[in-house]
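J.: Handing you a structure now.
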Amino acid sequence: MKGLTTSSQEKQGWLNVFKKQHGMTIIGRGGRIILFALPALAAAILVHAYWPRVAALPDSVRFVQPVGYLMLLPGLVLWATAVVQLLTGFSRGEMVTTGAYGVVRNPIYASVTWFILPAIALLTWTWVYLVPSVFLYLGVTLFIGEEERQMRLAFGKAYEDYLARVDRLVPFKKL
């Protein structure tokens with residue numbers, strides 16, 4: 001971009017986040033996945049708020065509640081790292097395969113599915129937040145295939161190698 005200053009180049013790069021890259025938007029299939037899981041999350045919140053006795057975990061296993069804090073930290077780190085990497089890589093039209101994306105192909109969904117929602121369940125001492133976690137997993141399983149097909153077309157062998165090396169939703173599964 002000849003003639004642009006560094007700040008203008010950075011601004012232009014961030015504007016690319018809103019443009020399609022390789023035929024895809026930054027959201028990918030996220031809209032469908034979230035819409036699939038959102039009713040389960042809304043139901044969990046309602047059950048927790050209006051029927052706390054129904055939502056409560058048994059007191060006999062309350063000793064595991066502090067594990068929620070231990071799960072929340074890696075979940076938030078994985079999620080935040082993935083968001084930063086996605087924003088940076090997507091705006092450049094690059095396939096990101098390191099960092100959070102070297103651990104799991106869909107680290108934003110994985111962090112919420114395996115760490116954040118289960119941590120919330122433990123910290124609030126309710127089982128209901130495990131239900132949207134299951135729906136999020138199912139949503140990714142059902143809808144991510146189209147995004148993966150687009151990635152194959154865009155990045156070819158590099159993406160095929162990535163598929164063989166990194167699992168879709170389970171961190172470190174293929175290592």
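Just so we're on the same page: first chain in the structure tokens is A, next is B, and so on; residues restart at 1 for each chain, and ligands are numbered from 1 in the order they show up.
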Could you list, as a list in words, every residue within 8 Å of Asn106 (chain A), counting only C-alpha atoms and ignoring same-chain residues fewer than 3 positions away?
T.: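 That gives Tyr101, Tyr109, Ala110, Arg168 and Leu169 of chain A.
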J.: In Å, rounded to a single decimal, give me how far CA of Val131 (chain A) is from CA of Glu148 (chain A).
T.: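 Separation of CA of Glu148 (chain A) and CA of Val131 (chain A): 25.5 Å.
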J.: Hey, which of A:Phe155, A:Tyr137, A:Phe36, A:Trp127 ends up closest to Pro52 (chain A)? Count only C-alpha atoms.
T.: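 Closest residue, counting only C-alpha atoms: A:Trp127.
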J.: Find the nearest atom pair between each residue of region 73-133 of chain A and region 53-66 of chain A for residues within 12 Å, count only C-alpha atoms, give distances in Å to one decimal, sort rows by chain and ascending number, and present the table as a Markdown table.
T.:
```
| residue | atom | partner | partner_atom | distance |
| --- | --- | --- | --- | --- |
| A:Leu73 | CA | A:Pro66 | CA | 11.9 |
| A:Pro118 | CA | A:Gln65 | CA | 10.6 |
| A:Ala119 | CA | A:Gln65 | CA | 8.6 |
| A:Ile120 | CA | A:Gln65 | CA | 9.8 |
| A:Ala121 | CA | A:Leu57 | CA | 8.8 |
| A:Leu122 | CA | A:Gln65 | CA | 5.1 |
| A:Leu123 | CA | A:Gln65 | CA | 5.8 |
| A:Thr124 | CA | A:Ala56 | CA | 8.4 |
| A:Trp125 | CA | A:Leu57 | CA | 5.6 |
| A:Thr126 | CA | A:Ala56 | CA | 4.3 |
| A:Trp127 | CA | A:Leu57 | CA | 5.8 |
| A:Val128 | CA | A:Ala55 | CA | 5.7 |
| A:Tyr129 | CA | A:Ala55 | CA | 9.0 |
| A:Leu130 | CA | A:Ala55 | CA | 10.6 |
| A:Val131 | CA | A:Ala55 | CA | 11.0 |
```
J.: Counting only C-alpha atoms, what are the residues of region 95-158 of chain A within 7 Å of region 24-33 of chain A, and for each of them which pair of atoms is the nearest and at what distance in Å, to one decimal? Sort the table by chain and rising number, as a tab-separated table.
T.:
```
residue	atom	partner	partner_atom	distance
A:Leu136	CA	A:Ile33	CA	6.8
A:Gly139	CA	A:Ile33	CA	4.8
A:Val140	CA	A:Ile33	CA	6.0
A:Phe143	CA	A:Arg29	CA	6.4
A:Ile144	CA	A:Arg29	CA	6.1
A:Glu147	CA	A:Gly28	CA	6.2
```
J.: If you count only C-alpha atoms, which residues fall within 12 Å of Val83 (chain A), apart from same-chain ones fewer than 3 positions away, as a PyMOL selection string?
T.: chain A and resi 17+26-27+76-80+86-90+96+99-101+106-109+111
J.: Do you know which residues are at most 10 Å from Val104 (chain A) counting only C-alpha atoms, after dropping those on the same chain fewer than 6 positions away, and could you put them as a list in words?
T.: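 Surrounding residues, per the criterion: Leu78, Ala82, Thr97, Thr98, Ala110, Ser111, Leu163, Arg165, Val166, Asp167, Arg168, Leu169, Val170, Pro171, Phe172, Lys173 and Lys174 of chain A.
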J.: I'd like to know which residues of region 5-173 of chain A are helix (DSSP H, G or I) (by DSSP, run on the backbone); could you write them as a PyMOL selection string?
T.: chain A and resi 6-18+30-50+52-55+59-64+67-92+100-103+107-124+130-165
J.: Can you work out the spacing between CA of Ile34 (chain A) and CA of Phe115 (chain A) in Å, to one decimal?
T.: 16.8 Å
J.: Using Å and a single decimal, report how far CA of Ala44 (chain A) sits from CA of Arg105 (chain A).
T.: 27.0 Å
J.: Considering only C-alpha atoms, state which residue in the set A:Leu41, A:His48, A:Gln150, A:Gly102 is at the smallest distance from Ala164 (chain A).
T.: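 Closest to Ala164 (chain A) of all the choices is A:Gly102.
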J.: Among chain A, which residues carry a DSSP assignment of strand (DSSP E or B), reported as a VMD selection string?
T.: chain A and resid 21 24 56 126
